[in-house]
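Take a look at the structure below.
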Amino acid sequence: MAADKKPASFALLVYRMPPKPTAARVAVWRQLNKVGLVYLQQMVGVFPSDARLRREVRPILKKIADAGGEYHLLPLGALPADERAKLVEQFVDQTSRHYQEIIENCEVNFVKEIEFERFRKNFTYEEAEEIRTEFEKICTWFDRVKERDWFGAPNRQAAQEWLSRCERMLEEFEARVYVHQQPDSANVRSSPQRLRPPGGPRQAPSSRRGRRRKVGGIRRSSL
């Protein structure tokens, strides 16, 4: 189902699992959020009903059963207009919050990180590669949220703009790293967008300072 194509119908998932082990319950909750389930109450949720999503849900249902739980997956027929509107509003609100988290991650983590490394003049290949890895995690996060944006949630455009801003900052940082890695930076007239190790095998990045937060980390229900 394309993200811009509104779902025609929904499916209702009702399940229960033993209270222990907690890890199994958390894993199922996280994976159901990842596929776009909207929880109506604990262990009761709704998601758009199409073949691809049902395939994605199937291994999660198996985990429920393997953990000693049980479930019911019920197709919802034609809903009254007001009930459908309530569901759509919940999907839109959930997706909008996910976009907002991406924006905050760009603004609070990513941009501040580059600004700090520029202040430190830490123009090393290892630092540039680590920052790019984090940027790619944010892009993957955005793509995942966008894929589940079935109803055109707010904040999508703002999130895209922040990603573009982050990419420009990253490319500028990489260009400065490239210049600083040259024996005679005054003779450098152009620089590539992506860096390569400056000779010899690449060394693993040094351990990060305590101030670093994992930009692509999971701190929200969408993952």
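Each chain of the structure tokens is named A, B, ... in the order shown, its residues numbered from 1; ligands are numbered from 1 in display order.
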Skip Pro154 (chain A) itself and residues of its chain fewer than 6 positions away, then list as a VMD selection string all residues within 10 Å of it, counting only C-alpha atoms. chain A and resid 92 to 93 95 to 97 99 to 100
Given only C-alpha atoms, how would the per-residue table for region 130-195 of chain A near region 7-28 of chain A read, listing every residue at most 12 Å away with its closest atom pair and distance in Å to one decimal, sorted by chain and number, as a Markdown table?
```
| residue | atom | partner | partner_atom | distance |
| --- | --- | --- | --- | --- |
| A:Arg148 | CA | A:Pro7 | CA | 10.7 |
| A:Asp149 | CA | A:Pro7 | CA | 10.6 |
| A:Trp150 | CA | A:Pro7 | CA | 7.0 |
| A:Phe151 | CA | A:Pro7 | CA | 8.5 |
| A:Gly152 | CA | A:Pro7 | CA | 11.9 |
```
Selected residues written out, N, CA and C atoms, as a PDB file, in the first residue's frame:
```pdb
ATOM      1  N   ARG A 148       4.399   4.709   6.707  1.00  0.00           N
ATOM      2  CA  ARG A 148       3.169   4.472   7.471  1.00  0.00           C
ATOM      3  C   ARG A 148       2.273   5.710   7.528  1.00  0.00           C
ATOM      4  N   ASP A 149       2.635   6.734   6.784  1.00  0.00           N
ATOM      5  CA  ASP A 149       1.842   7.969   6.801  1.00  0.00           C
ATOM      6  C   ASP A 149       0.717   7.832   5.779  1.00  0.00           C
ATOM      7  N   TRP A 150      -0.321   7.113   6.173  1.00  0.00           N
ATOM      8  CA  TRP A 150      -1.404   6.794   5.240  1.00  0.00           C
ATOM      9  C   TRP A 150      -2.376   7.952   5.043  1.00  0.00           C
ATOM     10  N   PHE A 151      -2.384   8.920   5.944  1.00  0.00           N
ATOM     11  CA  PHE A 151      -3.425   9.951   5.896  1.00  0.00           C
ATOM     12  C   PHE A 151      -2.864  11.370   5.833  1.00  0.00           C
ATOM     13  N   GLY A 152      -1.595  11.512   5.459  1.00  0.00           N
ATOM     14  CA  GLY A 152      -1.025  12.840   5.279  1.00  0.00           C
ATOM     15  C   GLY A 152      -0.911  13.622   6.574  1.00  0.00           C
TER      16      GLY A 152
END
```
Could you tell me which of A:Leu32, A:Cys166, A:Ala159, A:Ala128 comes closest to His180 (chain A) if we count only C-alpha atoms?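 Ranking A:Leu32, A:Cys166, A:Ala159, A:Ala128 by distance to His180 (chain A), first place goes to A:Ala128.
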As an exercise, work out the distance from CA of His98 (chain A) to CA of Lys86 (chain A) in Å and give it to one decimal place. 18.8 Å
When DSSP works through the backbone of this structure, what residues of region 44-205 of chain A end up as strand (DSSP E), shown as a ChimeraX atom specification? /A:44-48,70-76
Using only C-alpha atoms, which residues sit within 8 Å of Ile131 (chain A) once same-chain residues fewer than 3 positions away are excluded, as a count of residues only? 7
As an exercise, work out the distance from CA of Asn122 (chain A) to CA of Glu174 (chain A) in Å and give it to one decimal place. 11.1 Å
Counting only C-alpha atoms, which of A:Pro80, A:Trp162, A:Glu136, A:Ile64 gets nearest to Glu104 (chain A)?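 The closest residue to Glu104 (chain A) is A:Trp162.
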